$ cat input-v2.cif   # mmCIF, C-alpha atoms, pLDDT in the B column; chains and numbers go by the auth columns
data_start
#
loop_
_atom_site.group_PDB
_atom_site.id
_atom_site.type_symbol
_atom_site.label_atom_id
_atom_site.label_comp_id
_atom_site.label_asym_id
_atom_site.label_seq_id
_atom_site.Cartn_x
_atom_site.Cartn_y
_atom_site.Cartn_z
_atom_site.B_iso_or_equiv
_atom_site.auth_seq_id
_atom_site.auth_asym_id
ATOM 1 C CA HIS A 1 34.684 242.135 -35.132 75.00 1 U
ATOM 2 C CA ARG A 2 36.900 244.730 -36.777 84.00 2 U
ATOM 3 C CA ALA A 3 36.048 247.257 -34.044 86.00 3 U
ATOM 4 C CA SER A 4 37.020 244.775 -31.328 88.00 4 U
ATOM 5 C CA GLN A 5 40.270 243.957 -33.082 90.00 5 U
ATOM 6 C CA LYS A 6 41.133 247.627 -33.428 92.00 6 U
ATOM 7 C CA ALA A 7 40.284 248.227 -29.767 92.00 7 U
ATOM 8 C CA SER A 8 42.450 245.279 -28.740 93.00 8 U
ATOM 9 C CA GLN A 9 45.450 246.656 -30.613 94.00 9 U
ATOM 10 C CA ALA A 10 44.951 250.127 -29.151 95.00 10 U
ATOM 11 C CA TYR A 11 44.574 248.647 -25.666 95.00 11 U
ATOM 12 C CA MET A 12 47.816 246.692 -25.981 96.00 12 U
ATOM 13 C CA ALA A 13 49.620 249.822 -27.182 97.00 13 U
ATOM 14 C CA ALA A 14 48.299 251.795 -24.205 96.00 14 U
ATOM 15 C CA GLU A 15 49.416 249.052 -21.831 96.00 15 U
ATOM 16 C CA ALA A 16 52.884 249.162 -23.382 97.00 16 U
ATOM 17 C CA LEU A 17 53.052 252.911 -22.785 97.00 17 U
ATOM 18 C CA MET A 18 52.102 252.410 -19.149 97.00 18 U
ATOM 19 C CA ALA A 19 54.621 249.611 -18.660 97.00 19 U
ATOM 20 C CA SER A 20 57.410 251.747 -20.118 97.00 20 U
ATOM 21 C CA GLY A 21 56.722 254.589 -17.698 96.00 21 U
ATOM 22 C CA HIS A 22 54.868 256.942 -20.038 97.00 22 U
ATOM 23 C CA ALA A 23 51.859 257.356 -17.750 97.00 23 U
ATOM 24 C CA ALA A 24 50.582 260.619 -19.228 97.00 24 U
ATOM 25 C CA GLN A 25 50.611 259.244 -22.766 97.00 25 U
ATOM 26 C CA ALA A 26 48.991 256.028 -21.550 97.00 26 U
ATOM 27 C CA ALA A 27 46.228 258.029 -19.895 97.00 27 U
ATOM 28 C CA THR A 28 45.495 259.778 -23.176 97.00 28 U
ATOM 29 C CA ALA A 29 45.449 256.474 -25.022 97.00 29 U
ATOM 30 C CA PHE A 30 43.171 254.766 -22.496 97.00 30 U
ATOM 31 C CA ALA A 31 40.824 257.762 -22.523 97.00 31 U
ATOM 32 C CA LYS A 32 40.475 257.509 -26.301 96.00 32 U
ATOM 33 C CA ILE A 33 39.697 253.782 -26.071 96.00 33 U
ATOM 34 C CA ALA A 34 37.130 254.420 -23.345 95.00 34 U
ATOM 35 C CA ASP A 35 35.355 256.897 -25.618 94.00 35 U
ATOM 36 C CA THR A 36 35.451 254.928 -28.871 93.00 36 U
ATOM 37 C CA ALA A 37 35.816 251.189 -28.199 89.00 37 U
ATOM 38 C CA PRO A 38 33.074 248.591 -27.655 87.00 38 U
ATOM 39 C CA SER A 39 31.710 248.459 -24.109 83.00 39 U
ATOM 40 C CA GLY A 40 34.007 245.759 -22.727 87.00 40 U
ATOM 41 C CA TYR A 41 37.231 247.467 -23.742 91.00 41 U
ATOM 42 C CA ALA A 42 35.760 250.863 -22.902 93.00 42 U
ATOM 43 C CA GLU A 43 34.984 249.949 -19.286 93.00 43 U
ATOM 44 C CA VAL A 44 38.356 248.350 -18.607 96.00 44 U
ATOM 45 C CA SER A 45 40.152 251.239 -20.303 96.00 45 U
ATOM 46 C CA ARG A 46 38.324 253.739 -18.122 96.00 46 U
ATOM 47 C CA LEU A 47 39.688 252.004 -15.026 97.00 47 U
ATOM 48 C CA HIS A 48 43.200 251.896 -16.466 97.00 48 U
ATOM 49 C CA ASN A 49 42.867 255.521 -17.478 97.00 49 U
ATOM 50 C CA ALA A 50 42.357 256.346 -13.802 98.00 50 U
ATOM 51 C CA ASP A 51 45.443 254.280 -12.903 97.00 51 U
ATOM 52 C CA ALA A 52 47.515 256.123 -15.507 98.00 52 U
ATOM 53 C CA LEU A 53 46.271 259.518 -14.362 97.00 53 U
ATOM 54 C CA LEU A 54 47.200 258.666 -10.787 97.00 54 U
ATOM 55 C CA ALA A 55 50.668 257.532 -11.881 97.00 55 U
ATOM 56 C CA ALA A 56 51.071 260.790 -13.812 97.00 56 U
ATOM 57 C CA GLY A 57 50.228 262.823 -10.699 96.00 57 U
ATOM 58 C CA HIS A 58 46.691 263.876 -11.662 97.00 58 U
ATOM 59 C CA ARG A 59 45.066 262.702 -8.443 96.00 59 U
ATOM 60 C CA ALA A 60 41.816 264.660 -8.711 97.00 60 U
ATOM 61 C CA ASP A 61 41.112 263.411 -12.231 97.00 61 U
ATOM 62 C CA ALA A 62 41.983 259.853 -11.209 97.00 62 U
ATOM 63 C CA LEU A 63 39.659 260.011 -8.213 97.00 63 U
ATOM 64 C CA THR A 64 36.807 261.271 -10.387 97.00 64 U
ATOM 65 C CA LEU A 65 37.250 258.334 -12.762 97.00 65 U
ATOM 66 C CA TYR A 66 37.510 255.794 -9.943 97.00 66 U
ATOM 67 C CA LYS A 67 34.201 257.077 -8.587 96.00 67 U
ATOM 68 C CA LYS A 68 32.633 256.833 -12.025 95.00 68 U
ATOM 69 C CA VAL A 69 33.768 253.237 -12.527 96.00 69 U
ATOM 70 C CA ALA A 70 32.734 252.312 -8.981 96.00 70 U
ATOM 71 C CA ALA A 71 29.228 253.558 -9.746 95.00 71 U
ATOM 72 C CA GLY A 72 29.001 251.552 -12.984 92.00 72 U
ATOM 73 C CA ASP A 73 27.169 248.348 -13.784 91.00 73 U
ATOM 74 C CA ASN A 74 30.242 246.110 -13.981 94.00 74 U
ATOM 75 C CA SER A 75 30.463 244.757 -10.416 94.00 75 U
ATOM 76 C CA LEU A 76 33.996 243.410 -10.845 96.00 76 U
ATOM 77 C CA LEU A 77 35.444 246.676 -12.111 97.00 77 U
ATOM 78 C CA ALA A 78 33.347 248.625 -9.603 97.00 78 U
ATOM 79 C CA ALA A 79 34.892 246.721 -6.694 97.00 79 U
ATOM 80 C CA VAL A 80 38.426 247.240 -7.989 97.00 80 U
ATOM 81 C CA ALA A 81 37.770 250.954 -8.484 98.00 81 U
ATOM 82 C CA LYS A 82 36.302 251.223 -4.993 97.00 82 U
ATOM 83 C CA LEU A 83 39.395 249.622 -3.454 98.00 83 U
ATOM 84 C CA ARG A 84 41.716 251.933 -5.363 97.00 84 U
ATOM 85 C CA GLU A 85 39.628 254.902 -4.335 97.00 85 U
ATOM 86 C CA GLY A 86 39.904 253.711 -0.742 97.00 86 U
ATOM 87 C CA TRP A 87 43.689 253.519 -0.908 97.00 87 U
ATOM 88 C CA MET A 88 43.834 256.973 -2.485 96.00 88 U
ATOM 89 C CA LEU A 89 41.913 258.410 0.472 97.00 89 U
ATOM 90 C CA ALA A 90 43.381 256.203 3.212 96.00 90 U
ATOM 91 C CA ASP A 91 45.839 258.869 4.383 95.00 91 U
ATOM 92 C CA THR A 92 43.289 261.672 4.694 95.00 92 U
ATOM 93 C CA MET A 93 39.711 260.438 4.988 97.00 93 U
ATOM 94 C CA PRO A 94 38.371 259.982 8.547 97.00 94 U
ATOM 95 C CA ARG A 95 38.109 256.343 9.489 96.00 95 U
ATOM 96 C CA LEU A 96 34.311 256.298 9.786 96.00 96 U
ATOM 97 C CA GLN A 97 33.908 257.802 6.324 97.00 97 U
ATOM 98 C CA LEU A 98 36.401 255.331 4.905 97.00 98 U
ATOM 99 C CA GLU A 99 34.469 252.496 6.522 96.00 99 U
ATOM 100 C CA ALA A 100 31.237 253.776 4.940 96.00 100 U
ATOM 101 C CA LEU A 101 32.918 254.032 1.557 96.00 101 U
ATOM 102 C CA LEU A 102 34.110 250.428 1.725 97.00 102 U
ATOM 103 C CA ALA A 103 31.060 249.013 3.504 94.00 103 U
ATOM 104 C CA PRO A 104 29.734 247.015 0.547 91.00 104 U
ATOM 105 C CA LEU A 105 33.119 245.293 0.225 97.00 105 U
ATOM 106 C CA THR A 106 33.712 244.502 3.897 96.00 106 U
ATOM 107 C CA ALA A 107 30.601 242.339 4.247 95.00 107 U
ATOM 108 C CA THR A 108 31.227 238.766 5.354 94.00 108 U
ATOM 109 C CA ALA A 109 30.065 237.333 2.028 94.00 109 U
ATOM 110 C CA SER A 110 32.104 239.737 -0.106 96.00 110 U
ATOM 111 C CA PRO A 111 35.093 238.230 -1.925 96.00 111 U
ATOM 112 C CA TRP A 112 36.780 241.628 -1.526 97.00 112 U
ATOM 113 C CA ARG A 113 36.461 241.784 2.255 97.00 113 U
ATOM 114 C CA PHE A 114 40.086 241.036 3.030 98.00 114 U
ATOM 115 C CA MET A 115 41.431 243.768 0.749 98.00 115 U
ATOM 116 C CA ALA A 116 38.900 246.253 2.130 98.00 116 U
ATOM 117 C CA ARG A 117 39.758 245.344 5.726 98.00 117 U
ATOM 118 C CA GLU A 118 43.429 245.845 4.977 98.00 118 U
ATOM 119 C CA ILE A 119 42.651 249.472 4.137 98.00 119 U
ATOM 120 C CA LEU A 120 40.740 249.898 7.405 98.00 120 U
ATOM 121 C CA ALA A 121 43.596 248.339 9.368 98.00 121 U
ATOM 122 C CA TYR A 122 45.920 250.881 7.796 97.00 122 U
ATOM 123 C CA ALA A 123 43.518 253.678 8.779 97.00 123 U
ATOM 124 C CA ASP A 124 43.700 252.531 12.403 96.00 124 U
ATOM 125 C CA TYR A 125 47.483 252.465 12.190 95.00 125 U
ATOM 126 C CA ARG A 126 47.427 255.961 10.681 95.00 126 U
ATOM 127 C CA ASP A 127 45.276 257.197 13.569 95.00 127 U
ATOM 128 C CA GLY A 128 47.688 255.832 16.169 93.00 128 U
ATOM 129 C CA LYS A 129 45.446 252.936 17.235 95.00 129 U
ATOM 130 C CA PHE A 130 48.378 250.574 17.117 95.00 130 U
ATOM 131 C CA ALA A 131 46.997 247.765 19.280 94.00 131 U
ATOM 132 C CA LEU A 132 43.822 247.598 17.211 96.00 132 U
ATOM 133 C CA ALA A 133 45.746 247.777 13.943 96.00 133 U
ATOM 134 C CA ALA A 134 48.093 245.001 15.080 96.00 134 U
ATOM 135 C CA LYS A 135 45.107 242.806 15.952 97.00 135 U
ATOM 136 C CA GLU A 136 43.508 243.449 12.562 98.00 136 U
ATOM 137 C CA TYR A 137 46.713 242.774 10.663 98.00 137 U
ATOM 138 C CA GLN A 138 47.307 239.595 12.654 97.00 138 U
ATOM 139 C CA ALA A 139 43.805 238.354 11.822 98.00 139 U
ATOM 140 C CA LEU A 140 44.340 239.012 8.124 98.00 140 U
ATOM 141 C CA ALA A 141 47.730 237.306 8.161 98.00 141 U
ATOM 142 C CA ALA A 142 46.279 234.200 9.826 98.00 142 U
ATOM 143 C CA ASN A 143 43.220 233.851 7.598 97.00 143 U
ATOM 144 C CA VAL A 144 43.859 231.160 5.002 96.00 144 U
ATOM 145 C CA GLU A 145 40.980 232.458 2.867 97.00 145 U
ATOM 146 C CA ALA A 146 42.692 235.809 2.347 97.00 146 U
ATOM 147 C CA PRO A 147 44.744 236.333 -0.825 97.00 147 U
ATOM 148 C CA ILE A 148 48.416 235.531 -0.345 97.00 148 U
ATOM 149 C CA GLY A 149 49.454 239.125 -1.069 97.00 149 U
ATOM 150 C CA VAL A 150 47.164 240.473 1.644 98.00 150 U
ATOM 151 C CA ARG A 151 48.404 237.852 4.118 98.00 151 U
ATOM 152 C CA GLN A 152 52.034 238.679 3.417 98.00 152 U
ATOM 153 C CA ARG A 153 51.573 242.431 3.766 98.00 153 U
ATOM 154 C CA ALA A 154 49.485 241.993 6.903 98.00 154 U
ATOM 155 C CA ASN A 155 52.129 239.718 8.429 97.00 155 U
ATOM 156 C CA VAL A 156 54.821 242.322 7.772 96.00 156 U
ATOM 157 C CA MET A 157 52.753 245.037 9.453 96.00 157 U
ATOM 158 C CA ALA A 158 51.785 242.826 12.411 96.00 158 U
ATOM 159 C CA THR A 159 55.420 241.852 12.938 95.00 159 U
ATOM 160 C CA PHE A 160 56.487 245.484 12.695 95.00 160 U
ATOM 161 C CA LEU A 161 53.949 246.595 15.288 94.00 161 U
ATOM 162 C CA HIS A 162 54.672 243.730 17.699 91.00 162 U
ATOM 163 C CA ALA A 163 58.391 244.476 17.423 90.00 163 U
ATOM 164 C CA GLY A 164 57.959 248.036 18.660 83.00 164 U
ATOM 165 C CA GLY A 165 56.821 249.832 15.552 77.00 165 U
ATOM 166 C CA ASP A 166 54.116 251.493 17.636 69.00 166 U
ATOM 167 C CA LYS A 167 56.667 253.517 19.590 72.00 167 U
ATOM 168 C CA ALA A 168 58.136 256.890 18.703 61.00 168 U
ATOM 169 C CA TYR A 169 61.911 257.109 18.913 57.00 169 U
ATOM 170 C CA GLY A 170 62.250 260.803 18.136 54.00 170 U
ATOM 171 C CA VAL A 171 63.201 262.472 14.894 59.00 171 U
ATOM 172 C CA VAL A 172 66.407 262.796 12.940 60.00 172 U
ATOM 173 C CA PRO A 173 67.906 266.301 13.344 65.00 173 U
ATOM 174 C CA PRO A 174 67.353 268.420 10.226 62.00 174 U
ATOM 175 C CA PRO A 175 70.411 268.933 7.996 62.00 175 U
ATOM 176 C CA ALA A 176 72.372 272.133 8.427 61.00 176 U
ATOM 177 C CA THR A 177 71.321 274.990 6.195 61.00 177 U
ATOM 178 C CA PRO A 178 73.818 276.037 3.489 60.00 178 U
ATOM 179 C CA SER A 179 74.625 279.265 5.357 57.00 179 U
ATOM 180 C CA ALA A 180 75.255 277.370 8.576 50.00 180 U
ATOM 181 C CA ALA A 181 77.455 274.833 6.808 48.00 181 U
ATOM 182 C CA LYS A 182 79.411 277.639 5.178 52.00 182 U
ATOM 183 C CA ALA A 183 79.921 279.319 8.525 51.00 183 U
ATOM 184 C CA VAL A 184 81.404 276.131 9.945 48.00 184 U
ATOM 185 C CA THR A 185 83.724 275.323 7.054 51.00 185 U
ATOM 186 C CA ALA A 186 84.846 278.790 5.947 48.00 186 U
ATOM 187 C CA PRO A 187 88.424 279.704 7.102 52.00 187 U
ATOM 188 C CA ALA A 188 88.810 282.485 9.617 54.00 188 U
ATOM 189 C CA PRO A 189 89.806 285.900 8.173 54.00 189 U
ATOM 190 C CA PRO A 190 93.409 287.050 8.768 55.00 190 U
ATOM 191 C CA LYS A 191 94.074 289.052 11.901 55.00 191 U
ATOM 192 C CA SER A 192 94.815 292.729 11.620 51.00 192 U
ATOM 193 C CA GLY A 193 98.346 292.144 12.929 50.00 193 U
ATOM 194 C CA ASN A 194 99.203 290.300 9.703 49.00 194 U
ATOM 195 C CA SER A 195 98.288 293.243 7.472 46.00 195 U
ATOM 196 C CA GLY A 196 101.926 294.298 7.059 45.00 196 U
ATOM 197 C CA HIS A 197 102.946 290.779 5.998 45.00 197 U
ATOM 198 C CA LYS A 198 99.975 290.631 3.655 44.00 198 U
ATOM 199 C CA ALA A 199 101.001 293.915 2.036 42.00 199 U
ATOM 200 C CA ALA A 200 104.585 292.715 1.611 43.00 200 U
ATOM 201 C CA THR A 201 103.614 289.405 0.012 43.00 201 U
ATOM 202 C CA ALA A 202 100.911 290.897 -2.160 45.00 202 U
ATOM 203 C CA HIS A 203 103.472 292.610 -4.428 47.00 203 U
ATOM 204 C CA PRO A 204 106.618 290.429 -4.440 44.00 204 U
ATOM 205 C CA LYS A 205 108.111 292.077 -7.536 46.00 205 U
ATOM 206 C CA SER A 206 107.999 295.588 -6.100 44.00 206 U
ATOM 207 C CA HIS A 207 109.536 294.278 -2.869 45.00 207 U
ATOM 208 C CA GLN A 208 112.414 292.740 -4.841 45.00 208 U
ATOM 209 C CA ARG A 209 113.005 295.966 -6.744 45.00 209 U
ATOM 210 C CA ARG A 210 113.321 297.909 -3.526 44.00 210 U
ATOM 211 C CA GLY A 211 115.766 295.366 -2.166 45.00 211 U
ATOM 212 C CA HIS A 212 117.905 295.522 -5.350 47.00 212 U
ATOM 213 C CA ALA A 213 118.112 299.326 -5.242 43.00 213 U
ATOM 214 C CA HIS A 214 119.269 299.260 -1.596 46.00 214 U
ATOM 215 C CA ARG A 215 121.971 296.751 -2.434 42.00 215 U
#

$ encode --input "input-v2.cif" --output "structure tokens"
Amino acid sequence: HRASQKASQAYMAAEALMASGHAAQAATAFAKIADTAPSGYAEVSRLHNADALLAAGHRADALTLYKKVAAGDNSLLAAVAKLREGWMLADTMPRLQLEALLAPLTATASPWRFMAREILAYADYRDGKFALAAKEYQALAANVEAPIGVRQRANVMATFLHAGGDKAYGVVPPPATPSAAKAVTAPAPPKSGNSGHKAATAHPKSHQRRGHAHR
């Protein structure tokens, strides 16, 4: 009982670190809990350790932990880790490999199927298969069994694609380089014909002295 109480307090402290934006410190705290706490807290902390590592920019370490949790015995945490792994790889992994990775979760009987299919719809969008992606997003948005968050995101994407989001409108011109901007704004140098005037105004006191002597 004392070990569980201690783990609970440490877990809450790690969560507070994460919520306050101290992801690296939270990762360290969750890692310690995962190594020392009873199994329940240890498994959850391992998943949150991966989240904290990802937030801190340590993608490779986070991916390794997600894979480890996904291969564990806790089916609930394994599914969550698999989904987060899928989103981590959604921008780079080929669609067929991503589909294989998520296959256990996309099955008709899986309670995670809608979240997994959202990742695959994004992969189709990423690959430029806009009509297919729009159809997939529309199906997710219309399915009353899907979680409300998935339905809302899918509706936004379907609306975006149907409104012309599948078309390329060109790119914004790149900003001028500092040297180019300087060339545009810098004043032009004085012409050589003004050199006499420049010499006269450069030393006003000596000019006045010469004038006084002549007078």

$ closest_residue --input "input-v2.cif" --among "U:Asn143, U:Ser20, U:Gln138, U:Asn49" --to "U:Ala34" --atoms "all atoms listed in the file"
U:Asn49

$ residues_near_point --input "input-v2.cif" --point "(51.0, 253.6, -14.2)" --cutoff "9 Å" --atoms "only C-alpha atoms" --output "PyMOL selection string"
chain U and resi 17-24+26-27+48-49+51-56

$ resolve_selection --input "input-v2.cif" --expression "the PyMOL selection byres ((chain U and resi 84) around 10)" --output "MDAnalysis selection string"
chainID U and resid 47 50:51 62:63 66:67 70 78:83 85:90 116 119

$ residues_around --input "input-v2.cif" --residues "U:Phe114" --least-positions-apart "5" --cutoff "10 Å" --atoms "all atoms listed in the file" --output "PDB file with C-alpha atoms, keeping the file's coordinate frame"
ATOM      1  CA  LEU U 105      33.119 245.293   0.225  1.00 97.00           C
ATOM      2  CA  THR U 106      33.712 244.502   3.897  1.00 96.00           C
ATOM      3  CA  ALA U 107      30.601 242.339   4.247  1.00 95.00           C
ATOM      4  CA  THR U 108      31.227 238.766   5.354  1.00 94.00           C
ATOM      5  CA  ILE U 119      42.651 249.472   4.137  1.00 98.00           C
ATOM      6  CA  LEU U 120      40.740 249.898   7.405  1.00 98.00           C
ATOM      7  CA  ALA U 139      43.805 238.354  11.822  1.00 98.00           C
ATOM      8  CA  LEU U 140      44.340 239.012   8.124  1.00 98.00           C
ATOM      9  CA  ALA U 141      47.730 237.306   8.161  1.00 98.00           C
ATOM     10  CA  ASN U 143      43.220 233.851   7.598  1.00 97.00           C
ATOM     11  CA  GLU U 145      40.980 232.458   2.867  1.00 97.00           C
ATOM     12  CA  ALA U 146      42.692 235.809   2.347  1.00 97.00           C
ATOM     13  CA  PRO U 147      44.744 236.333  -0.825  1.00 97.00           C
ATOM     14  CA  VAL U 150      47.164 240.473   1.644  1.00 98.00           C
ATOM     15  CA  ARG U 151      48.404 237.852   4.118  1.00 98.00           C
TER      16      ARG U 151
END

$ atom_distance --input "input-v2.cif" --atom1 "atom CA of U:Gln5" --atom2 "atom CA of U:Ser75"
24.7 Å
